[in-house]
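Chemist: Handing you this structure, nothing more for now.
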Amino acid sequence: MKKLSLAVLLLLSPCFAQAWPWSRDMANQISIKPQESPDPANPGMYPFPSRSVPVPGTTVFVEDLDAAKKMANPVVADAKSIQKGKHLFEIYCTPCHGFKGYGDGLVGKKLIMQPFNLSYTNTMHSWQSPDYPDGYIFGYMTLGGAVMPSYANDLSPTERWNVVNYVRKVLQKAPAGYVAPQSN
Ligand code: HEC
């Protein structure tokens, strides 16, 4: 019986080992802990970088594509917004939609469904039609499609409207004299 209780004690001993003062020696080093200040003159936690912590109530809730279509574009399509939109489009959209928005990106070619044409050369529908307002493009980015992923977490609402402005003013601006081919 004595032998058994000794064996049980030995088996349990690692549990108590955590309580020994030297058991945390490896953890308590001079290395900087997560969220610890590297500056001894300025100890305490560094403030979180902006947009690294979710804040409830800051996301624009979009019910569905129909609701998105009704949204008015709150961001003026000035040079600054278009420039920002171009930058973001080239990061997030070109892999599938291509630099000109033709839907010919390298990643897009591998998908079971080819990315749609976002440019003025689209023959599936006219981007000038009231059925495809700015809110439609915003909604697609927010909700994603059958194959296209949602960008609601990657792009803030303002960033998404900047992308809309770039798509509208640059990619969908037909050169003078362009005649759209008749769709059959
Ligand atoms: C992983 C590939 C992929 C990426 C990246 C991607 N898309 Fe798409 N997109 C698609 C596919 C595929 C479709 C076809 C429809 C679907 O998936 O439902 C599509 C469709 C669309 C449509 C609908 C077009 C129409 O004629 O109805 C819009 C608008 C759109 N994408 C915008 C964007 C924007 C803006 C970005 C960048 C933020 C983007 N997409 C990034 C794959 C992608």
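A note on labels: chains of the structure tokens are A, B, ... as shown, every chain counts residues from 1, and ligands are counted from 1 in their shown order.
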Could you name the residues that touch stretch 118-127 of chain A at 12 Å or less, counting only C-alpha atoms, but leaving out those on the same chain fewer than 6 positions away, as a PyMOL selection string?
Modeler: chain A and resi 89+93-94+96-105+133-137+140+163-164+166-176+178-184
Chemist: Among stretch 129-170 of chain A, which ones does DSSP place in alpha helix (DSSP H), written as a CSV table (one decimal) with all heavy atoms, in the first residue's frame?
Modeler:
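Output (states-v9.csv):
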```csv
chain,number,residue,atom,x,y,z
A,134,ASP,N,-23.1,52.4,-57.9
A,134,ASP,CA,-21.9,52.3,-57.1
A,134,ASP,C,-22.1,51.3,-56.0
A,134,ASP,O,-21.2,50.5,-55.6
A,134,ASP,CB,-21.6,53.6,-56.5
A,134,ASP,CG,-21.0,54.6,-57.5
A,134,ASP,OD1,-21.0,54.3,-58.7
A,134,ASP,OD2,-20.6,55.7,-57.1
A,135,GLY,N,-23.3,51.3,-55.4
A,135,GLY,CA,-23.6,50.4,-54.3
A,135,GLY,C,-23.6,48.9,-54.6
A,135,GLY,O,-23.3,48.1,-53.8
A,136,TYR,N,-23.8,48.6,-55.9
A,136,TYR,CA,-23.7,47.2,-56.3
A,136,TYR,C,-22.2,46.7,-56.2
A,136,TYR,O,-22.0,45.6,-55.7
A,136,TYR,CB,-24.1,47.1,-57.8
A,136,TYR,CG,-24.0,45.7,-58.4
A,136,TYR,CD1,-24.9,44.8,-58.2
A,136,TYR,CD2,-22.9,45.4,-59.2
A,136,TYR,CE1,-24.8,43.5,-58.8
A,136,TYR,CE2,-22.7,44.2,-59.7
A,136,TYR,CZ,-23.7,43.2,-59.5
A,136,TYR,OH,-23.5,42.0,-60.1
A,137,ILE,N,-21.3,47.5,-56.6
A,137,ILE,CA,-19.9,47.1,-56.6
A,137,ILE,C,-19.4,47.1,-55.1
A,137,ILE,O,-18.8,46.2,-54.6
A,137,ILE,CB,-19.0,48.1,-57.4
A,137,ILE,CG1,-19.5,48.2,-58.8
A,137,ILE,CG2,-17.5,47.7,-57.3
A,137,ILE,CD1,-18.8,49.2,-59.7
A,138,PHE,N,-19.9,48.1,-54.3
A,138,PHE,CA,-19.6,48.1,-52.9
A,138,PHE,C,-20.2,46.9,-52.2
A,138,PHE,O,-19.5,46.2,-51.4
A,138,PHE,CB,-20.3,49.4,-52.3
A,138,PHE,CG,-20.1,49.5,-50.8
A,138,PHE,CD1,-18.9,50.1,-50.3
A,138,PHE,CD2,-21.0,49.0,-49.9
A,138,PHE,CE1,-18.7,50.2,-48.9
A,138,PHE,CE2,-20.8,49.1,-48.5
A,138,PHE,CZ,-19.7,49.7,-48.0
A,139,GLY,N,-21.4,46.5,-52.6
A,139,GLY,CA,-22.1,45.3,-52.0
A,139,GLY,C,-21.3,44.0,-52.4
A,139,GLY,O,-21.2,43.2,-51.5
A,140,TYR,N,-20.9,43.9,-53.6
A,140,TYR,CA,-20.1,42.7,-54.0
A,140,TYR,C,-18.9,42.6,-53.2
A,140,TYR,O,-18.5,41.5,-52.8
A,140,TYR,CB,-19.8,42.8,-55.5
A,140,TYR,CG,-20.3,41.6,-56.2
A,140,TYR,CD1,-21.5,41.5,-56.9
A,140,TYR,CD2,-19.5,40.4,-56.2
A,140,TYR,CE1,-22.0,40.4,-57.5
A,140,TYR,CE2,-19.9,39.3,-56.9
A,140,TYR,CZ,-21.2,39.3,-57.5
A,140,TYR,OH,-21.6,38.1,-58.1
A,141,MET,N,-18.2,43.7,-53.0
A,141,MET,CA,-16.9,43.6,-52.1
A,141,MET,C,-17.3,43.3,-50.7
A,141,MET,O,-16.5,42.6,-50.0
A,141,MET,CB,-16.3,45.0,-52.2
A,141,MET,CG,-15.2,45.2,-53.2
A,141,MET,SD,-14.4,46.7,-53.0
A,141,MET,CE,-15.5,47.8,-54.0
A,142,THR,N,-18.4,43.8,-50.2
A,142,THR,CA,-18.8,43.5,-48.8
A,142,THR,C,-19.2,42.1,-48.6
A,142,THR,O,-18.9,41.5,-47.6
A,142,THR,CB,-19.9,44.5,-48.4
A,142,THR,OG1,-19.5,45.8,-48.8
A,142,THR,CG2,-20.2,44.5,-46.9
A,143,LEU,N,-20.1,41.6,-49.5
A,143,LEU,CA,-20.7,40.3,-49.3
A,143,LEU,C,-20.0,39.2,-50.0
A,143,LEU,O,-20.1,38.0,-49.6
A,143,LEU,CB,-22.2,40.4,-49.8
A,143,LEU,CG,-23.0,41.5,-49.2
A,143,LEU,CD1,-24.2,41.8,-50.0
A,143,LEU,CD2,-23.4,41.1,-47.8
A,157,PRO,N,-15.1,50.4,-44.9
A,157,PRO,CA,-16.1,50.9,-45.8
A,157,PRO,C,-15.6,52.0,-46.7
A,157,PRO,O,-15.8,52.0,-47.9
A,157,PRO,CB,-17.2,51.4,-44.9
A,157,PRO,CG,-17.1,50.5,-43.7
A,157,PRO,CD,-15.7,50.3,-43.5
A,158,THR,N,-14.8,52.9,-46.1
A,158,THR,CA,-14.2,54.0,-46.9
A,158,THR,C,-13.3,53.5,-48.0
A,158,THR,O,-13.3,54.0,-49.1
A,158,THR,CB,-13.5,55.0,-46.0
A,158,THR,OG1,-14.3,55.4,-44.9
A,158,THR,CG2,-13.0,56.3,-46.7
A,159,GLU,N,-12.5,52.5,-47.6
A,159,GLU,CA,-11.5,51.9,-48.6
A,159,GLU,C,-12.3,51.3,-49.7
A,159,GLU,O,-11.9,51.3,-50.9
A,159,GLU,CB,-10.7,50.9,-47.9
A,159,GLU,CG,-9.6,51.5,-47.0
A,159,GLU,CD,-8.8,50.5,-46.2
A,159,GLU,OE1,-9.3,49.5,-45.8
A,159,GLU,OE2,-7.6,50.8,-46.0
A,160,ARG,N,-13.4,50.6,-49.4
A,160,ARG,CA,-14.3,50.0,-50.4
A,160,ARG,C,-14.8,51.0,-51.4
A,160,ARG,O,-14.8,50.8,-52.6
A,160,ARG,CB,-15.4,49.1,-49.8
A,160,ARG,CG,-15.0,47.7,-49.5
A,160,ARG,CD,-16.0,47.0,-48.7
A,160,ARG,NE,-15.7,47.1,-47.3
A,160,ARG,CZ,-16.7,46.9,-46.3
A,160,ARG,NH1,-17.9,46.7,-46.6
A,160,ARG,NH2,-16.3,47.0,-45.0
A,161,TRP,N,-15.3,52.1,-50.8
A,161,TRP,CA,-15.8,53.2,-51.7
A,161,TRP,C,-14.7,53.8,-52.6
A,161,TRP,O,-14.9,54.2,-53.7
A,161,TRP,CB,-16.5,54.3,-50.9
A,161,TRP,CG,-17.8,53.9,-50.3
A,161,TRP,CD1,-18.1,53.8,-49.0
A,161,TRP,CD2,-19.0,53.5,-51.0
A,161,TRP,NE1,-19.4,53.4,-48.8
A,161,TRP,CE2,-20.0,53.2,-50.0
A,161,TRP,CE3,-19.4,53.4,-52.3
A,161,TRP,CZ2,-21.3,52.8,-50.4
A,161,TRP,CZ3,-20.6,53.0,-52.7
A,161,TRP,CH2,-21.6,52.7,-51.7
A,162,ASN,N,-13.5,53.9,-52.0
A,162,ASN,CA,-12.3,54.3,-52.8
A,162,ASN,C,-12.1,53.4,-54.0
A,162,ASN,O,-11.9,53.8,-55.1
A,162,ASN,CB,-11.1,54.4,-52.0
A,162,ASN,CG,-11.1,55.6,-51.0
A,162,ASN,OD1,-11.7,56.6,-51.3
A,162,ASN,ND2,-10.4,55.5,-49.9
A,163,VAL,N,-12.2,52.1,-53.7
A,163,VAL,CA,-12.1,51.1,-54.8
A,163,VAL,C,-13.2,51.3,-55.9
A,163,VAL,O,-13.0,51.3,-57.1
A,163,VAL,CB,-12.0,49.6,-54.3
A,163,VAL,CG1,-12.1,48.6,-55.4
A,163,VAL,CG2,-10.8,49.4,-53.4
A,164,VAL,N,-14.4,51.5,-55.4
A,164,VAL,CA,-15.6,51.8,-56.3
A,164,VAL,C,-15.2,53.0,-57.2
A,164,VAL,O,-15.4,52.9,-58.4
A,164,VAL,CB,-16.9,52.0,-55.5
A,164,VAL,CG1,-18.0,52.5,-56.4
A,164,VAL,CG2,-17.3,50.8,-54.7
A,165,ASN,N,-14.7,54.0,-56.6
A,165,ASN,CA,-14.4,55.2,-57.3
A,165,ASN,C,-13.4,55.0,-58.4
A,165,ASN,O,-13.5,55.5,-59.5
A,165,ASN,CB,-14.0,56.4,-56.4
A,165,ASN,CG,-15.1,56.9,-55.6
A,165,ASN,OD1,-16.3,56.8,-56.0
A,165,ASN,ND2,-14.8,57.6,-54.5
A,166,TYR,N,-12.4,54.2,-58.1
A,166,TYR,CA,-11.3,53.8,-59.1
A,166,TYR,C,-11.9,53.0,-60.2
A,166,TYR,O,-11.7,53.3,-61.4
A,166,TYR,CB,-10.2,53.1,-58.4
A,166,TYR,CG,-9.2,52.5,-59.4
A,166,TYR,CD1,-8.4,53.4,-60.1
A,166,TYR,CD2,-9.0,51.2,-59.6
A,166,TYR,CE1,-7.5,53.0,-61.0
A,166,TYR,CE2,-8.1,50.7,-60.5
A,166,TYR,CZ,-7.3,51.6,-61.2
A,166,TYR,OH,-6.5,51.1,-62.2
```
Chemist: Considering only C-alpha atoms, can you say which of A:Phe48, A:Ala146, A:Ala77, A:Ser5 comes closest to A:Ile112?
Modeler: A:Ala146
Chemist: Which residue out of A:Gln83, A:Asn153, A:Gln114, A:Gln29 has the minimum interatomic distance to ligand 1 when only C-alpha atoms and all ligand atoms are used?
Modeler: A:Gln114
Chemist: So which one's closest to A:Ser156, A:Leu88, A:Met113, A:Met71, A:Val76? Using only C-alpha atoms, please.
Modeler: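 Checking each candidate against A:Ser156, we get A:Leu88 as the closest.
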Chemist: So what do you get for atom 4 (C, counted along the ligand's line) of ligand 1 versus atom CA of A:Leu106, distance-wise?
Modeler: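 Spanning atom 4 (C, counted along the ligand's line) of ligand 1 to atom CA of A:Leu106 is a straight-line distance of 10.6 Å.
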Chemist: Enter the distance from atom 42 (C, counted along the ligand's line) of ligand 1 to atom CA of A:Ala68, in Å, rounded to one decimal.
Modeler: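 Going from atom 42 (C, counted along the ligand's line) of ligand 1 over to atom CA of A:Ala68, I get 18.3 Å.
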